[in-house]
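Here the structure is laid out as structure tokens; the discussion comes afterwards.
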Amino acid sequence: MRKLAYILSFVMLPLAAMAGDIKYTRPVLTLKNDTLTVEFSMSVEEVRVNSEQTYAFTPVLREGKNYYAMPPVVVTGKNGDYKMRRQERKMARRFGFDNPYTVIHGRQENREDVVRYQASIPYQAWMDHASMILLQEGKECCGVDLLNITVIEPDVAVETPALPTEFEVCDPCKEMVSFLTPKEEPLKVRSEQSTLFIEFPVGKTVFDADYKNNRSELQKLKEILDPLEDGDLVTFKSINVCGYSSPDGSVRTNDRVAKQRAESFALNLKGGYNFPQEVLHVTSAGEDWETLVKMLEEDQPAYAEKALAVIQKYENLDVREARLKSTLGMTTYRTMMNQYYPRLRRLSVSVDYEVREVLNSEAARLIYTNPKLLSLQEMYRVAAMYQPGTKEYKEVYEIAANTYPEDVTANLNAASANIISGDFKKAASYMDKVKDDSHAFNNLGVLAWLSGDTEAAKEWFQKAASVEPEKANANLEKMVPYENAVQK
């Protein structure tokens, strides 16, 4: 199916016995299977008739000597001969149609004056560049002959087509928006990290899950690992446990204690999960001065300037600790120690694993339970199970964008799904994340059009033509009724 290049033009001739101004929208011509469909709206509001008058308005396609007339719109008075018998209507005799397209009769206050005209006619090649004229025939009363056929110039009032309604499925948007194909991810490699503030009794290095707040800290790691134990989806590649200590005490002691505590925790971890011993790695970072500096710089306690000066001046860590005590004084040093040191004593756990390719049935479950195990391709296969515009269709694309928040494809596709579903504001929030990417231009044009800004929409579609020429040009064509629209 294609839309023809359409040239709207009229011929001015002397107007005899004009019935009144005619208004109609720019006709749209669509060709499919050798049938040309002509669509436009005509307003005969200004056509005034008395009880005896009748007028026929016949749309005619014309190009050079070629022309084709379609059934007329007839306006007649109460007592008028509204059928306008075929033998009286020259256009009817010439083109062989017996009946008008529609008949409007009565006074202005009780008649429907807007006609939604649609006619399907056999296509001929000359119609590619046809213009349209409107011919008037009139009958003043039953005893008077018809006037000669007159070419009239309508007052062209292009009607603004209604824009899609927000929060309703946008059917035209299904073809207008862009969907990007994600890059293939044949090997799904994932890495997750958790920081645990595990506490130990003073001088002890054996992990006790029931000591103080350790159980709740351990739960943070379980929330990562437990879903990975589901079936055979995951192969663990590396689990790294690193111990950190605070600066109180000697460097050598702190490094040993941090490593032993990390080893004790890792041993407990191995007993609770089914992963190979060789993937478990334990290290120690010792005293964590770097994090202490960041906390002092961010919080800026009263003693921060003095403490930071000492830390910067002394490279020997044991000397540094001693100078902090003497410079700050024991009271202030204990304040710093109580405020910051507990947060320095921690374990950092990173989990590296691979996920096998999943079946569509598995993906349909995981999209709601553990979407990070899915690639974008697998997520979009789930989306394909639902009709565009449905709640489920929209949800899948949103989950994909939330799982991969920095991914251009995920955000742009989520925006497209929301546009189709009618949630234009949420679509705009996704587009805001990728607005500088050239692939976003087309969707930005769609959003501009939906907001009523046709000029901005055209600019975006023109930019998009270098990225998606076929879609962008089709969208530009859809803007024609809007850019030519004049509000009455």
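In the structure tokens, chains take letters A, B, ... by order of appearance, with residues numbered from 1 within each chain and ligands from 1 in the order shown.
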
### Query
What residues in region 405-478 of chain A get the DSSP label alpha helix (DSSP H)? Please answer as an MDAnalysis selection string.
chainID A and resid 408:421 424:434 441:450 454:464 469:478

Export C-alpha atoms of the chosen residues as an mmCIF file, in the first residue's frame?
data_model
loop_
_atom_site.group_PDB
_atom_site.id
_atom_site.type_symbol
_atom_site.label_atom_id
_atom_site.label_comp_id
_atom_site.auth_asym_id
_atom_site.auth_seq_id
_atom_site.Cartn_x
_atom_site.Cartn_y
_atom_site.Cartn_z
ATOM 1 C CA VAL A 408 20.671 2.768 25.297
ATOM 2 C CA THR A 409 18.715 -0.079 23.710
ATOM 3 C CA ALA A 410 16.931 -0.965 26.954
ATOM 4 C CA ASN A 411 15.888 2.619 27.673
ATOM 5 C CA LEU A 412 14.836 3.443 24.108
ATOM 6 C CA ASN A 413 12.780 0.254 23.787
ATOM 7 C CA ALA A 414 11.128 0.881 27.167
ATOM 8 C CA ALA A 415 10.183 4.337 25.912
ATOM 9 C CA SER A 416 8.664 2.831 22.754
ATOM 10 C CA ALA A 417 6.631 0.315 24.759
ATOM 11 C CA ASN A 418 5.304 3.117 26.964
ATOM 12 C CA ILE A 419 4.420 5.281 23.957
ATOM 13 C CA ILE A 420 2.395 2.411 22.496
ATOM 14 C CA SER A 421 0.704 1.892 25.869
ATOM 15 C CA PHE A 424 3.780 9.395 27.299
ATOM 16 C CA LYS A 425 5.293 10.945 30.455
ATOM 17 C CA LYS A 426 7.040 7.748 31.488
ATOM 18 C CA ALA A 427 8.237 7.305 27.915
ATOM 19 C CA ALA A 428 9.762 10.782 28.076
ATOM 20 C CA SER A 429 11.619 9.875 31.279
ATOM 21 C CA TYR A 430 13.268 6.927 29.532
ATOM 22 C CA MET A 431 14.061 9.044 26.473
ATOM 23 C CA ASP A 432 15.696 11.673 28.665
ATOM 24 C CA LYS A 433 18.424 9.132 29.495
ATOM 25 C CA VAL A 434 19.334 8.578 25.833
ATOM 26 C CA PHE A 441 15.790 11.086 17.314
ATOM 27 C CA ASN A 442 12.828 9.210 15.866
ATOM 28 C CA ASN A 443 11.168 8.563 19.236
ATOM 29 C CA LEU A 444 11.751 12.174 20.259
ATOM 30 C CA GLY A 445 9.874 13.134 17.106
ATOM 31 C CA VAL A 446 6.981 10.839 18.020
ATOM 32 C CA LEU A 447 6.760 12.385 21.498
ATOM 33 C CA ALA A 448 6.842 15.894 20.016
ATOM 34 C CA TRP A 449 3.993 14.969 17.665
ATOM 35 C CA LEU A 450 1.973 13.479 20.534
ATOM 36 C CA THR A 454 4.341 19.191 14.690
ATOM 37 C CA GLU A 455 7.225 21.477 13.726
ATOM 38 C CA ALA A 456 9.516 19.984 16.397
ATOM 39 C CA ALA A 457 8.404 16.498 15.366
ATOM 40 C CA LYS A 458 9.386 17.202 11.744
ATOM 41 C CA GLU A 459 12.814 18.432 12.831
ATOM 42 C CA TRP A 460 13.437 15.257 14.827
ATOM 43 C CA PHE A 461 12.242 13.015 11.976
ATOM 44 C CA GLN A 462 14.510 14.867 9.545
ATOM 45 C CA LYS A 463 17.437 14.193 11.878
ATOM 46 C CA ALA A 464 16.351 10.561 12.225
ATOM 47 C CA PRO A 469 15.413 6.603 6.697
ATOM 48 C CA GLU A 470 12.391 4.438 5.892
ATOM 49 C CA LYS A 471 10.679 4.922 9.268
ATOM 50 C CA ALA A 472 11.603 8.599 9.546
ATOM 51 C CA ASN A 473 10.293 9.403 6.061
ATOM 52 C CA ALA A 474 7.075 7.504 6.741
ATOM 53 C CA ASN A 475 6.641 9.515 9.943
ATOM 54 C CA LEU A 476 7.277 12.759 8.064
ATOM 55 C CA GLU A 477 4.494 11.817 5.676
ATOM 56 C CA LYS A 478 2.176 11.255 8.639
#

### Query
Neighbours of Asp318 (chain A) within 10 Å (only C-alpha atoms; same-chain residues fewer than 3 positions away dropped), as a list of chain:residue names?
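Near neighbours after the sequence-gap exclusion: A:Pro247, A:Asp248, A:Gly249, A:Ser250, A:Val251, A:Arg252, A:Tyr314, A:Glu315, A:Glu321, A:Ala322, A:Arg323.
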
### Message
With distances taken over only C-alpha atoms, which residue among A:Asp352, A:Glu175, A:Asp210, A:Asp436 lies nearest Val241 (chain A)?
### Response
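Answer, going by the shortest atom-to-atom distance: A:Asp352.
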
### Query
Can you list, as number ranges by chain, every protein, DNA or RNA residue that comes within 12 Å of Tyr211 (chain A) when you count only C-alpha atoms, leaving out same-chain residues fewer than 5 positions away?
A: 197-202, 204, 206, 216-218

### Message
Please compute the CA of Pro276 (chain A)-CA of Asp208 (chain A) distance, one decimal, in Å.
### Response
22.8 Å

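Counting from CA of Glu168 (chain A), the distance to CA of Gln387 (chain A) is 14.0 Å.
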
### Residue among A:Thr25, A:Thr30, A:Thr195, A:Thr58 lying closest to Tyr123 (chain A), counting only C-alpha atoms
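Counting only C-alpha atoms, the residue closest to Tyr123 (chain A) is A:Thr30.
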
### Query
What lies within 7 Å of Lys259 (chain A) using only C-alpha atoms, ignoring chain neighbours under 5 positions off, as a ChimeraX atom specification?
/A:243,283-284

### Query
What lies within 9 Å of region 188-194 of chain A using only C-alpha atoms, ignoring chain neighbours under 3 positions off, as a VMD selection string?
chain A and resid 185 220 to 221 224 347 to 357 372 to 375

Same residues, C-alpha atoms, saved as a JSON list (two decimals), in the first residue's frame:
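The result, written out as out.json:
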[["chain", "number", "residue", "atom", "x", "y", "z"],
["A", 185, "GLU", "CA", 25.38, -11.87, 24.47],
["A", 220, "LYS", "CA", 22.57, -9.52, 52.44],
["A", 221, "LEU", "CA", 24.89, -12.07, 50.87],
["A", 224, "ILE", "CA", 22.63, -12.65, 46.16],
["A", 347, "LEU", "CA", 34.35, -7.94, 54.57],
["A", 348, "SER", "CA", 33.96, -7.32, 50.86],
["A", 349, "VAL", "CA", 32.53, -10.26, 48.90],
["A", 350, "SER", "CA", 32.42, -10.38, 45.10],
["A", 351, "VAL", "CA", 30.72, -13.17, 43.17],
["A", 352, "ASP", "CA", 31.56, -13.85, 39.52],
["A", 353, "TYR", "CA", 29.43, -16.36, 37.59],
["A", 354, "GLU", "CA", 28.15, -17.38, 34.17],
["A", 355, "VAL", "CA", 24.52, -18.00, 33.25],
["A", 356, "ARG", "CA", 23.49, -20.47, 30.58],
["A", 357, "GLU", "CA", 21.03, -19.60, 27.83],
["A", 372, "LYS", "CA", 19.59, -10.06, 36.00],
["A", 373, "LEU", "CA", 20.07, -13.66, 34.84],
["A", 374, "LEU", "CA", 18.55, -12.78, 31.47],
["A", 375, "SER", "CA", 20.05, -11.04, 28.48]]

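With only C-alpha atoms as the atoms that count, the residue of A:Val114, A:Val293, A:Ala363, A:Ala309 with the shortest distance to Met379 (chain A) is A:Ala363.
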
### Task
Kindly indicate which residue among A:Met127, A:Leu292, A:Leu187, A:Ala69 lies nearest to Val234 (chain A), using only C-alpha atoms for the distances.
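Of all the options, A:Leu187 lies closest to Val234 (chain A).
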